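One file, input_1.tsv, is given below (TSV, C-alpha atoms and all ligand atoms).
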```tsv
chain	number	residue	atom	x	y	z
A	1	MET	CA	-9.58	-1.44	14.27
A	2	VAL	CA	-13.05	-1.55	12.76
A	3	VAL	CA	-13.71	-1.10	9.05
A	4	SER	CA	-17.41	-0.53	8.74
A	5	GLY	CA	-19.02	-2.40	5.88
A	6	PHE	CA	-21.94	-1.16	3.85
A	7	THR	CA	-25.11	-3.06	4.54
A	8	ASN	CA	-27.95	-3.72	2.18
A	9	LYS	CA	-30.78	-5.17	4.26
A	10	GLU	CA	-29.08	-8.04	6.08
A	11	ARG	CA	-26.45	-8.78	3.51
A	12	PRO	CA	-23.12	-6.91	3.71
A	13	MET	CA	-22.08	-5.44	0.36
A	14	PRO	CA	-18.50	-5.92	-0.77
A	15	THR	CA	-16.42	-2.80	-0.24
A	16	LEU	CA	-13.17	-1.67	-1.79
A	17	ILE	CA	-9.98	-0.81	0.11
A	18	ASP	CA	-7.12	1.29	-1.31
A	19	SER	CA	-4.11	-0.54	0.13
A	20	HIS	CA	-1.66	2.32	-0.50
A	21	CYS	CA	-2.44	6.02	-0.78
A	22	HIS	CA	-0.63	9.13	0.50
A	23	ILE	CA	-3.84	11.05	1.15
A	24	ASP	CA	-2.05	13.25	3.71
A	25	PHE	CA	0.27	14.75	1.06
A	26	PRO	CA	-0.17	18.50	0.38
A	27	GLN	CA	-1.35	17.81	-3.21
A	28	PHE	CA	-4.70	16.86	-1.61
A	29	ASP	CA	-5.07	19.88	0.68
A	30	GLU	CA	-7.65	21.58	-1.53
A	31	SER	CA	-9.64	18.52	-2.57
A	32	ARG	CA	-9.19	15.93	0.21
A	33	GLN	CA	-12.63	16.19	1.86
A	34	ASP	CA	-14.50	15.97	-1.45
A	35	ILE	CA	-12.38	13.07	-2.74
A	36	LEU	CA	-12.86	11.12	0.50
A	37	ALA	CA	-16.62	11.77	0.52
A	38	ASP	CA	-16.86	10.54	-3.11
A	39	CYS	CA	-14.75	7.46	-2.32
A	40	ARG	CA	-16.99	6.57	0.60
A	41	GLN	CA	-20.13	7.15	-1.38
A	42	LYS	CA	-18.92	4.83	-4.18
A	43	GLY	CA	-18.16	2.03	-1.72
A	44	MET	CA	-14.59	2.47	-0.46
A	45	SER	CA	-14.47	1.42	3.19
A	46	ALA	CA	-10.83	2.09	4.04
A	47	ILE	CA	-7.53	3.53	2.82
A	48	VAL	CA	-4.10	2.42	4.05
A	49	VAL	CA	-1.96	5.54	4.54
A	50	PRO	CA	1.79	4.81	4.71
A	51	GLY	CA	4.25	7.10	6.46
A	52	VAL	CA	7.47	8.21	4.76
A	53	SER	CA	9.56	10.29	7.18
A	54	CYS	CA	9.66	11.30	10.82
A	55	ASP	CA	8.72	14.95	10.12
A	56	GLN	CA	5.58	13.81	8.27
A	57	TRP	CA	4.18	11.34	10.84
A	58	ARG	CA	2.67	13.88	13.20
A	59	GLY	CA	0.60	15.68	10.55
A	60	MET	CA	-0.46	12.33	9.13
A	61	ALA	CA	-1.53	11.04	12.56
A	62	GLU	CA	-3.59	14.21	13.14
A	63	LEU	CA	-5.30	13.86	9.77
A	64	VAL	CA	-6.09	10.19	10.43
A	65	ALA	CA	-7.57	11.02	13.84
A	66	SER	CA	-9.73	13.85	12.50
A	67	ILE	CA	-11.05	11.88	9.50
A	68	ASN	CA	-11.73	8.76	11.58
A	69	ALA	CA	-13.62	10.81	14.19
A	70	ASP	CA	-16.44	11.12	11.66
A	71	ALA	CA	-16.12	8.08	9.42
A	72	THR	CA	-19.64	8.36	7.99
A	73	ASP	CA	-18.36	10.78	5.38
A	74	ALA	CA	-15.02	9.17	4.45
A	75	PRO	CA	-13.34	5.79	4.23
A	76	ARG	CA	-11.58	4.85	7.46
A	77	LEU	CA	-7.89	5.78	7.28
A	78	LEU	CA	-5.53	3.02	8.42
A	79	PRO	CA	-2.10	4.46	9.29
A	80	ALA	CA	1.33	2.84	8.91
A	81	TYR	CA	4.54	4.56	9.97
A	82	GLY	CA	8.00	4.08	8.54
A	83	LEU	CA	11.14	5.62	7.03
A	84	HIS	CA	10.95	5.47	3.22
A	85	PRO	CA	14.19	4.54	1.37
A	86	TYR	CA	13.67	7.32	-1.18
A	87	PHE	CA	14.15	9.98	1.51
A	88	MET	CA	17.44	8.75	3.02
A	89	THR	CA	18.82	12.27	3.47
A	90	LYS	CA	15.93	13.10	5.82
A	91	HIS	CA	16.42	10.14	8.16
A	92	ASP	CA	18.46	9.96	11.32
A	93	ALA	CA	19.24	7.08	13.71
A	94	LYS	CA	17.12	8.68	16.46
A	95	HIS	CA	14.08	8.54	14.18
A	96	LEU	CA	14.08	4.78	14.75
A	97	ASP	CA	13.41	5.34	18.47
A	98	GLN	CA	10.64	7.74	17.52
A	99	LEU	CA	9.22	5.12	15.15
A	100	ASP	CA	9.08	2.68	18.02
A	101	ALA	CA	6.92	5.14	19.99
A	102	GLN	CA	4.84	6.28	17.00
A	103	LEU	CA	3.71	2.71	16.27
A	104	ASP	CA	1.75	2.63	19.52
A	105	ASN	CA	-0.49	5.31	17.99
A	106	GLY	CA	-2.90	2.86	16.29
A	107	ALA	CA	-0.54	1.74	13.49
A	108	ILE	CA	-1.64	-1.24	11.44
A	109	ALA	CA	1.82	-1.77	9.86
A	110	VAL	CA	5.38	-0.53	9.56
A	111	GLY	CA	5.78	1.23	6.22
A	112	GLU	CA	6.60	2.26	3.82
A	113	ILE	CA	10.03	0.78	4.11
A	114	GLY	CA	12.34	-1.04	1.72
A	115	LEU	CA	15.05	-0.48	-0.86
A	116	ASP	CA	15.16	1.83	-3.87
A	117	ALA	CA	17.95	1.55	-6.46
A	118	PHE	CA	15.99	3.13	-9.31
A	119	GLU	CA	18.00	6.35	-9.66
A	120	THR	CA	21.15	5.31	-7.84
A	121	ASP	CA	22.42	2.49	-5.65
A	122	LYS	CA	25.03	4.71	-4.01
A	123	ASP	CA	23.36	4.68	-0.61
A	124	LEU	CA	22.15	1.07	-0.80
A	125	PRO	CA	24.30	-0.08	2.17
A	126	GLN	CA	22.65	2.60	4.36
A	127	GLN	CA	19.21	1.69	2.98
A	128	MET	CA	19.84	-1.96	3.84
A	129	ALA	CA	20.88	-1.10	7.40
A	130	LEU	CA	17.76	1.05	7.86
A	131	PHE	CA	15.51	-1.67	6.39
A	132	ARG	CA	16.99	-4.30	8.74
A	133	ARG	CA	16.38	-2.08	11.76
A	134	GLN	CA	12.79	-1.42	10.72
A	135	LEU	CA	12.19	-5.14	10.13
A	136	SER	CA	13.23	-5.82	13.68
A	137	ILE	CA	11.03	-3.00	15.04
A	138	ALA	CA	8.07	-4.44	13.08
A	139	ALA	CA	8.80	-7.91	14.46
A	140	ASN	CA	8.90	-6.55	18.03
A	141	HIS	CA	5.53	-4.89	17.52
A	142	HIS	CA	4.07	-7.98	15.75
A	143	LEU	CA	3.12	-5.75	12.82
A	144	PRO	CA	3.21	-6.53	9.08
A	145	ILE	CA	5.28	-4.32	6.75
A	146	ILE	CA	4.48	-2.27	3.63
A	147	VAL	CA	7.41	-2.62	1.27
A	148	HIS	CA	8.70	-0.33	-1.46
A	149	ALA	CA	11.19	-2.16	-3.71
A	150	ARG	CA	12.51	-0.69	-6.93
A	151	LYS	CA	15.17	-2.72	-8.77
A	152	THR	CA	15.74	-4.54	-5.49
A	153	GLN	CA	13.21	-7.40	-5.36
A	154	ASP	CA	15.78	-10.15	-4.75
A	155	LEU	CA	17.65	-8.13	-2.16
A	156	VAL	CA	14.42	-7.38	-0.25
A	157	LEU	CA	13.54	-11.08	-0.32
A	158	LYS	CA	17.00	-11.98	0.97
A	159	LEU	CA	16.93	-9.45	3.85
A	160	VAL	CA	13.42	-10.44	4.92
A	161	ARG	CA	14.38	-14.10	4.88
A	162	GLU	CA	17.66	-13.54	6.77
A	163	SER	CA	15.89	-11.53	9.44
A	164	GLY	CA	13.40	-14.33	10.12
A	165	PHE	CA	10.59	-11.76	9.87
A	166	ALA	CA	7.30	-13.67	9.79
A	167	ALA	CA	4.45	-11.12	10.15
A	168	GLY	CA	4.00	-10.73	6.37
A	169	GLY	CA	2.92	-7.56	4.61
A	170	ILE	CA	2.36	-5.97	1.24
A	171	MET	CA	4.80	-5.66	-1.65
A	172	HIS	CA	3.47	-2.38	-2.95
A	173	ALA	CA	3.53	-1.47	-6.70
A	174	PHE	CA	5.11	-4.83	-7.38
A	175	SER	CA	7.26	-5.06	-10.51
A	176	GLY	CA	9.16	-8.32	-10.06
A	177	SER	CA	8.78	-11.77	-11.61
A	178	LEU	CA	6.12	-14.44	-11.08
A	179	GLN	CA	8.67	-16.55	-9.24
A	180	GLN	CA	9.53	-13.69	-6.85
A	181	ALA	CA	5.82	-12.99	-6.27
A	182	GLN	CA	5.16	-16.66	-5.49
A	183	ARG	CA	8.07	-16.80	-3.07
A	184	LEU	CA	6.86	-13.64	-1.33
A	185	HIS	CA	3.33	-14.98	-1.11
A	186	GLU	CA	4.66	-18.14	0.55
A	187	MET	CA	6.37	-15.85	3.08
A	188	GLY	CA	3.04	-14.19	3.97
A	189	PHE	CA	3.11	-11.22	1.58
A	190	LEU	CA	0.32	-9.80	-0.56
A	191	ILE	CA	1.20	-8.37	-3.96
A	192	GLY	CA	-0.02	-4.82	-4.71
A	193	PHE	CA	-1.30	-3.86	-8.18
A	194	GLY	CA	-2.40	-0.43	-9.34
A	195	GLY	CA	-2.08	2.17	-12.09
A	196	ALA	CA	0.98	0.59	-13.75
A	197	ALA	CA	-1.06	-2.47	-14.78
A	198	THR	CA	-3.74	-0.33	-16.50
A	199	TYR	CA	-1.41	0.33	-19.46
A	200	ASP	CA	-1.79	-2.03	-22.43
A	201	ARG	CA	1.98	-2.13	-22.83
A	202	ALA	CA	2.41	-3.57	-19.30
A	203	ARG	CA	2.28	-7.12	-20.66
A	204	ARG	CA	4.59	-8.76	-18.14
A	205	LEU	CA	2.81	-7.17	-15.18
A	206	ARG	CA	-0.60	-8.11	-16.57
A	207	SER	CA	0.40	-11.71	-17.12
A	208	LEU	CA	1.66	-11.81	-13.52
A	209	LEU	CA	-1.67	-10.35	-12.30
A	210	LYS	CA	-3.49	-13.08	-14.21
A	211	GLN	CA	-1.42	-15.95	-12.88
A	212	LEU	CA	-1.51	-15.17	-9.16
A	213	PRO	CA	-4.23	-16.69	-6.98
A	214	GLN	CA	-6.91	-14.44	-5.47
A	215	ASP	CA	-5.48	-14.76	-1.98
A	216	ALA	CA	-2.20	-13.13	-3.10
A	217	ILE	CA	-3.58	-9.90	-4.56
A	218	VAL	CA	-4.47	-6.41	-3.30
A	219	PHE	CA	-5.14	-3.12	-5.11
A	220	GLU	CA	-3.75	0.36	-4.62
A	221	THR	CA	-3.45	3.78	-6.20
A	222	ASP	CA	-0.22	5.06	-4.57
A	223	ALA	CA	-1.88	8.45	-5.15
A	224	PRO	CA	-0.71	11.11	-5.85
A	225	ASP	CA	1.91	9.00	-7.73
A	226	ILE	CA	1.55	6.40	-10.53
A	227	PRO	CA	-1.28	7.92	-12.63
A	228	PRO	CA	-3.32	5.24	-14.44
A	229	SER	CA	-3.67	5.05	-18.26
A	230	PHE	CA	-7.06	6.80	-18.29
A	231	SER	CA	-5.80	9.85	-16.35
A	232	ARG	CA	-2.12	10.01	-17.19
A	233	THR	CA	-1.68	13.77	-17.19
A	234	ARG	CA	-3.26	14.42	-13.79
A	235	ALA	CA	-2.17	13.68	-10.24
A	236	ASN	CA	-3.49	10.30	-9.16
A	237	SER	CA	-6.37	10.09	-6.66
A	238	PRO	CA	-7.88	7.25	-4.59
A	239	LEU	CA	-11.08	7.80	-6.58
A	240	ASN	CA	-9.27	6.28	-9.58
A	241	LEU	CA	-9.15	2.92	-7.79
A	242	PHE	CA	-12.70	2.09	-8.92
A	243	ARG	CA	-11.78	2.37	-12.61
A	244	ILE	CA	-8.36	0.75	-12.06
A	245	VAL	CA	-10.00	-2.34	-10.54
A	246	GLU	CA	-12.49	-2.49	-13.44
A	247	ILE	CA	-9.59	-2.63	-15.89
A	248	LEU	CA	-7.73	-5.22	-13.81
A	249	ALA	CA	-10.93	-7.31	-13.58
A	250	ASP	CA	-10.94	-7.41	-17.40
A	251	VAL	CA	-7.32	-8.52	-17.37
A	252	ARG	CA	-8.12	-11.34	-14.91
A	253	GLU	CA	-11.41	-12.12	-16.66
A	254	GLU	CA	-13.25	-12.07	-13.34
A	255	PRO	CA	-16.25	-10.01	-12.16
A	256	VAL	CA	-15.34	-6.64	-10.61
A	257	ALA	CA	-17.30	-7.45	-7.43
A	258	GLU	CA	-15.14	-10.52	-6.92
A	259	LEU	CA	-11.97	-8.39	-7.03
A	260	TRP	CA	-13.45	-5.99	-4.45
A	261	GLN	CA	-14.31	-8.93	-2.27
A	262	PHE	CA	-11.13	-10.96	-2.34
A	263	SER	CA	-8.77	-7.96	-2.05
A	264	SER	CA	-10.69	-6.63	0.97
A	265	LYS	CA	-10.72	-10.08	2.53
A	266	ASN	CA	-6.95	-10.37	2.09
A	267	LEU	CA	-6.35	-6.98	3.76
A	268	ILE	CA	-8.79	-7.66	6.61
A	269	LYS	CA	-6.92	-10.88	7.32
A	270	LEU	CA	-3.41	-9.38	7.03
A	271	PHE	CA	-4.14	-6.40	9.27
A	272	ASN	CA	-6.48	-8.29	11.55
A	273	LEU	CA	-9.30	-5.78	10.95
A	274	SER	CA	-12.81	-6.41	12.17
A	275	THR	CA	-15.65	-5.67	9.79
A	301	ZN	ZN	3.96	5.10	-1.41
```

Show this structure as structure tokens.
Ligand SMILES: [Zn+2]
Amino acid sequence: MVVSGFTNKERPMPTLIDSHCHIDFPQFDESRQDILADCRQKGMSAIVVPGVSCDQWRGMAELVASINADATDAPRLLPAYGLHPYFMTKHDAKHLDQLDAQLDNGAIAVGEIGLDAFETDKDLPQQMALFRRQLSIAANHHLPIIVHARKTQDLVLKLVRESGFAAGGIMHAFSGSLQQAQRLHEMGFLIGFGGAATYDRARRLRSLLKQLPQDAIVFETDAPDIPPSFSRTRANSPLNLFRIVEILADVREEPVAELWQFSSKNLIKLFNLST
């Protein structure tokens, strides 16, 4: 998978990658082409697009193929496929066989998968079983995972460790402790930061962002979800990533260009992308 860089004479310019964005969702139907063209023009080279349910993969795969066919006008879309824990009622055991086949369609990861106990933990046993199965599918395909964990950081850590899964991945929209983040990083995971850390009141998250080393961090919008502080009443968009990273650069007291550079480098390494 090639992510084309932007060149300025001989020297490649740093580019930005949105490590988590649902650009295939219907909220973007009217504005998708314009948003993608603006993202590309401002220096975004790629967007990781995670799958959520079996009935959504096909449309997502078609969108990815059509956008990537003419990547001069949009960031390259990097697809992942998975069964999201939030949509348990949609999933079926046979979807796991379909996932196995779908991954051969240029997937860079299995995701988004994980555990969600935010509203209820009633179906947590079923979520855990589904997560375990998807971990083993990812291991068979030698693919990293994109993990959604709400109120379940320790449980996710435990299941990943028990499974012996070693291909790493991204803990998206991370909200755990420094200790959990460090343990995950040791296990080959990158920690995803986005809109939530743009709020001044997010002190714990900001202090975590400040304490982690550069090689542990990636950035994301999770658009259309998680609107940042500067656009809280509107649906989120991958275009917001530029401003989000500026704010997070202030938090880390590092130059913005450095954040573009190290986060892209981390993703290129994790997904084995060529530039
Ligand atoms: Zn997501």

Could you list the protein, DNA and RNA residues that have any atom within 10 Å of ligand ZN 301 (chain A), counting all atoms listed in the file, and write them as a PDB file with C-alpha atoms, in the coordinates of the input?
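Writing done, so here's result_8.pdb:
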```
ATOM      1  CA  SER A  19      -4.110  -0.540   0.130  1.00  0.00           C
ATOM      2  CA  HIS A  20      -1.660   2.320  -0.500  1.00  0.00           C
ATOM      3  CA  CYS A  21      -2.440   6.020  -0.780  1.00  0.00           C
ATOM      4  CA  HIS A  22      -0.630   9.130   0.500  1.00  0.00           C
ATOM      5  CA  VAL A  49      -1.960   5.540   4.540  1.00  0.00           C
ATOM      6  CA  PRO A  50       1.790   4.810   4.710  1.00  0.00           C
ATOM      7  CA  GLY A  51       4.250   7.100   6.460  1.00  0.00           C
ATOM      8  CA  VAL A  52       7.470   8.210   4.760  1.00  0.00           C
ATOM      9  CA  HIS A  84      10.950   5.470   3.220  1.00  0.00           C
ATOM     10  CA  TYR A  86      13.670   7.320  -1.180  1.00  0.00           C
ATOM     11  CA  GLY A 111       5.780   1.230   6.220  1.00  0.00           C
ATOM     12  CA  GLU A 112       6.600   2.260   3.820  1.00  0.00           C
ATOM     13  CA  ILE A 113      10.030   0.780   4.110  1.00  0.00           C
ATOM     14  CA  ILE A 146       4.480  -2.270   3.630  1.00  0.00           C
ATOM     15  CA  VAL A 147       7.410  -2.620   1.270  1.00  0.00           C
ATOM     16  CA  HIS A 148       8.700  -0.330  -1.460  1.00  0.00           C
ATOM     17  CA  HIS A 172       3.470  -2.380  -2.950  1.00  0.00           C
ATOM     18  CA  ALA A 173       3.530  -1.470  -6.700  1.00  0.00           C
ATOM     19  CA  GLU A 220      -3.750   0.360  -4.620  1.00  0.00           C
ATOM     20  CA  THR A 221      -3.450   3.780  -6.200  1.00  0.00           C
ATOM     21  CA  ASP A 222      -0.220   5.060  -4.570  1.00  0.00           C
ATOM     22  CA  ALA A 223      -1.880   8.450  -5.150  1.00  0.00           C
ATOM     23  CA  PRO A 224      -0.710  11.110  -5.850  1.00  0.00           C
ATOM     24  CA  ASP A 225       1.910   9.000  -7.730  1.00  0.00           C
ATOM     25  CA  ILE A 226       1.550   6.400 -10.530  1.00  0.00           C
TER      26      ILE A 226
END
```

Kindly indicate which residue among A:Leu115, A:Ala74, A:Ala37, A:Ala202 lies nearest to Leu159 (chain A), using all atoms listed in the file for the distances.
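Counting all atoms listed in the file, the residue closest to Leu159 (chain A) is A:Leu115.
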
As an exercise, work out the distance from CA of Ala235 (chain A) to CA of Ile247 (chain A) in Å and give it to one decimal place.
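Interatomic distance here is 18.8 Å.
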
Restrict the calculation to all atoms listed in the file, then for each residue of region 153-218 of chain A with any atom at most 10 Å from an atom of region 269-275 of chain A give the closest atom pair and their distance in Å to one decimal, rows by chain and rising residue number, as CSV.
```
residue,atom,partner,partner_atom,distance
A:Ala167,CA,A:Leu270,CA,8.6
A:Gly168,CA,A:Leu270,CA,7.6
A:Gly169,CA,A:Leu270,CA,7.0
A:Ile170,CA,A:Leu270,CA,8.9
A:Gly188,CA,A:Leu270,CA,8.6
A:Phe189,CA,A:Leu270,CA,8.7
A:Leu190,CA,A:Leu270,CA,8.5
```

One decimal, in Å: what's the spacing between CA of Leu155 (chain A) and CA of Ala129 (chain A)?
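These two atoms are separated by 12.3 Å.
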
Of the candidates A:Met44, A:Leu259, A:Glu30, A:Asp100, which shows the shortest atom-to-atom distance to Thr15 (chain A), using all atoms listed in the file?
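Comparing A:Met44, A:Leu259, A:Glu30, A:Asp100 against Thr15 (chain A), the winner is A:Met44.
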
Can region 27-38 of chain A be brought up to all heavy atoms and written out as a PDB file, keeping the file's coordinate frame?
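Below is the file rebuild.pdb, written as the result:
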```pdb
ATOM      1  N   GLN A  27      -0.620  17.754  -1.925  1.00  0.00           N
ATOM      2  CA  GLN A  27      -1.350  17.810  -3.210  1.00  0.00           C
ATOM      3  C   GLN A  27      -2.859  17.688  -2.990  1.00  0.00           C
ATOM      4  O   GLN A  27      -3.649  18.086  -3.846  1.00  0.00           O
ATOM      5  CB  GLN A  27      -0.910  16.666  -4.138  1.00  0.00           C
ATOM      6  CG  GLN A  27       0.462  16.837  -4.742  1.00  0.00           C
ATOM      7  CD  GLN A  27       1.539  16.122  -3.939  1.00  0.00           C
ATOM      8  OE1 GLN A  27       1.473  16.074  -2.713  1.00  0.00           O
ATOM      9  NE2 GLN A  27       2.521  15.572  -4.612  1.00  0.00           N
ATOM     10  N   PHE A  28      -3.262  17.087  -1.858  1.00  0.00           N
ATOM     11  CA  PHE A  28      -4.700  16.860  -1.610  1.00  0.00           C
ATOM     12  C   PHE A  28      -5.325  17.921  -0.704  1.00  0.00           C
ATOM     13  O   PHE A  28      -6.503  17.811  -0.360  1.00  0.00           O
ATOM     14  CB  PHE A  28      -4.913  15.473  -0.999  1.00  0.00           C
ATOM     15  CG  PHE A  28      -4.586  14.341  -1.940  1.00  0.00           C
ATOM     16  CD1 PHE A  28      -3.514  13.497  -1.697  1.00  0.00           C
ATOM     17  CD2 PHE A  28      -5.354  14.118  -3.080  1.00  0.00           C
ATOM     18  CE1 PHE A  28      -3.209  12.470  -2.564  1.00  0.00           C
ATOM     19  CE2 PHE A  28      -5.049  13.081  -3.952  1.00  0.00           C
ATOM     20  CZ  PHE A  28      -3.975  12.256  -3.694  1.00  0.00           C
ATOM     21  N   ASP A  29      -4.549  18.918  -0.309  1.00  0.00           N
ATOM     22  CA  ASP A  29      -5.070  19.880   0.680  1.00  0.00           C
ATOM     23  C   ASP A  29      -6.371  20.549   0.245  1.00  0.00           C
ATOM     24  O   ASP A  29      -7.254  20.778   1.056  1.00  0.00           O
ATOM     25  CB  ASP A  29      -4.007  20.933   1.023  1.00  0.00           C
ATOM     26  CG  ASP A  29      -2.957  20.385   1.988  1.00  0.00           C
ATOM     27  OD1 ASP A  29      -3.150  19.251   2.476  1.00  0.00           O
ATOM     28  OD2 ASP A  29      -1.953  21.074   2.230  1.00  0.00           O
ATOM     29  N   GLU A  30      -6.456  20.879  -1.044  1.00  0.00           N
ATOM     30  CA  GLU A  30      -7.650  21.580  -1.530  1.00  0.00           C
ATOM     31  C   GLU A  30      -8.850  20.658  -1.734  1.00  0.00           C
ATOM     32  O   GLU A  30      -9.993  21.065  -1.629  1.00  0.00           O
ATOM     33  CB  GLU A  30      -7.365  22.266  -2.883  1.00  0.00           C
ATOM     34  CG  GLU A  30      -6.178  23.218  -2.876  1.00  0.00           C
ATOM     35  CD  GLU A  30      -6.439  24.413  -1.969  1.00  0.00           C
ATOM     36  OE1 GLU A  30      -7.533  24.985  -2.085  1.00  0.00           O
ATOM     37  OE2 GLU A  30      -5.555  24.744  -1.146  1.00  0.00           O
ATOM     38  N   SER A  31      -8.564  19.404  -2.081  1.00  0.00           N
ATOM     39  CA  SER A  31      -9.640  18.520  -2.570  1.00  0.00           C
ATOM     40  C   SER A  31      -9.918  17.313  -1.672  1.00  0.00           C
ATOM     41  O   SER A  31     -10.826  16.533  -1.952  1.00  0.00           O
ATOM     42  CB  SER A  31      -9.232  17.995  -3.953  1.00  0.00           C
ATOM     43  OG  SER A  31      -7.954  17.377  -3.871  1.00  0.00           O
ATOM     44  N   ARG A  32      -9.149  17.171  -0.579  1.00  0.00           N
ATOM     45  CA  ARG A  32      -9.190  15.930   0.210  1.00  0.00           C
ATOM     46  C   ARG A  32     -10.601  15.559   0.679  1.00  0.00           C
ATOM     47  O   ARG A  32     -11.048  14.424   0.512  1.00  0.00           O
ATOM     48  CB  ARG A  32      -8.235  16.060   1.399  1.00  0.00           C
ATOM     49  CG  ARG A  32      -8.064  14.773   2.187  1.00  0.00           C
ATOM     50  CD  ARG A  32      -7.046  14.943   3.309  1.00  0.00           C
ATOM     51  NE  ARG A  32      -5.720  15.245   2.822  1.00  0.00           N
ATOM     52  CZ  ARG A  32      -5.074  16.407   3.010  1.00  0.00           C
ATOM     53  NH1 ARG A  32      -5.657  17.375   3.693  1.00  0.00           N
ATOM     54  NH2 ARG A  32      -3.871  16.599   2.531  1.00  0.00           N
ATOM     55  N   GLN A  33     -11.312  16.517   1.281  1.00  0.00           N
ATOM     56  CA  GLN A  33     -12.630  16.190   1.860  1.00  0.00           C
ATOM     57  C   GLN A  33     -13.591  15.680   0.788  1.00  0.00           C
ATOM     58  O   GLN A  33     -14.308  14.697   0.994  1.00  0.00           O
ATOM     59  CB  GLN A  33     -13.250  17.428   2.537  1.00  0.00           C
ATOM     60  CG  GLN A  33     -12.448  17.981   3.697  1.00  0.00           C
ATOM     61  CD  GLN A  33     -12.360  17.016   4.875  1.00  0.00           C
ATOM     62  OE1 GLN A  33     -13.170  16.085   4.978  1.00  0.00           O
ATOM     63  NE2 GLN A  33     -11.391  17.203   5.743  1.00  0.00           N
ATOM     64  N   ASP A  34     -13.585  16.357  -0.369  1.00  0.00           N
ATOM     65  CA  ASP A  34     -14.500  15.970  -1.450  1.00  0.00           C
ATOM     66  C   ASP A  34     -14.132  14.596  -2.001  1.00  0.00           C
ATOM     67  O   ASP A  34     -15.007  13.758  -2.256  1.00  0.00           O
ATOM     68  CB  ASP A  34     -14.434  16.988  -2.610  1.00  0.00           C
ATOM     69  CG  ASP A  34     -15.047  18.320  -2.202  1.00  0.00           C
ATOM     70  OD1 ASP A  34     -15.790  18.335  -1.201  1.00  0.00           O
ATOM     71  OD2 ASP A  34     -14.759  19.325  -2.872  1.00  0.00           O
ATOM     72  N   ILE A  35     -12.827  14.374  -2.210  1.00  0.00           N
ATOM     73  CA  ILE A  35     -12.380  13.070  -2.740  1.00  0.00           C
ATOM     74  C   ILE A  35     -12.789  11.951  -1.778  1.00  0.00           C
ATOM     75  O   ILE A  35     -13.324  10.926  -2.189  1.00  0.00           O
ATOM     76  CB  ILE A  35     -10.845  13.065  -2.946  1.00  0.00           C
ATOM     77  CG1 ILE A  35     -10.462  13.960  -4.131  1.00  0.00           C
ATOM     78  CG2 ILE A  35     -10.326  11.643  -3.166  1.00  0.00           C
ATOM     79  CD1 ILE A  35      -8.962  14.098  -4.348  1.00  0.00           C
ATOM     80  N   LEU A  36     -12.545  12.169  -0.483  1.00  0.00           N
ATOM     81  CA  LEU A  36     -12.860  11.120   0.500  1.00  0.00           C
ATOM     82  C   LEU A  36     -14.372  10.863   0.561  1.00  0.00           C
ATOM     83  O   LEU A  36     -14.810   9.708   0.639  1.00  0.00           O
ATOM     84  CB  LEU A  36     -12.314  11.495   1.882  1.00  0.00           C
ATOM     85  CG  LEU A  36     -10.782  11.431   2.004  1.00  0.00           C
ATOM     86  CD1 LEU A  36     -10.331  11.940   3.364  1.00  0.00           C
ATOM     87  CD2 LEU A  36     -10.273  10.006   1.784  1.00  0.00           C
ATOM     88  N   ALA A  37     -15.163  11.941   0.490  1.00  0.00           N
ATOM     89  CA  ALA A  37     -16.620  11.770   0.520  1.00  0.00           C
ATOM     90  C   ALA A  37     -17.081  10.971  -0.715  1.00  0.00           C
ATOM     91  O   ALA A  37     -17.916  10.061  -0.604  1.00  0.00           O
ATOM     92  CB  ALA A  37     -17.312  13.124   0.574  1.00  0.00           C
ATOM     93  N   ASP A  38     -16.508  11.286  -1.886  1.00  0.00           N
ATOM     94  CA  ASP A  38     -16.860  10.540  -3.110  1.00  0.00           C
ATOM     95  C   ASP A  38     -16.442   9.077  -3.012  1.00  0.00           C
ATOM     96  O   ASP A  38     -17.172   8.175  -3.436  1.00  0.00           O
ATOM     97  CB  ASP A  38     -16.169  11.163  -4.340  1.00  0.00           C
ATOM     98  CG  ASP A  38     -16.856  12.443  -4.785  1.00  0.00           C
ATOM     99  OD1 ASP A  38     -17.903  12.789  -4.208  1.00  0.00           O
ATOM    100  OD2 ASP A  38     -16.323  13.103  -5.702  1.00  0.00           O
TER     101      ASP A  38
END
```
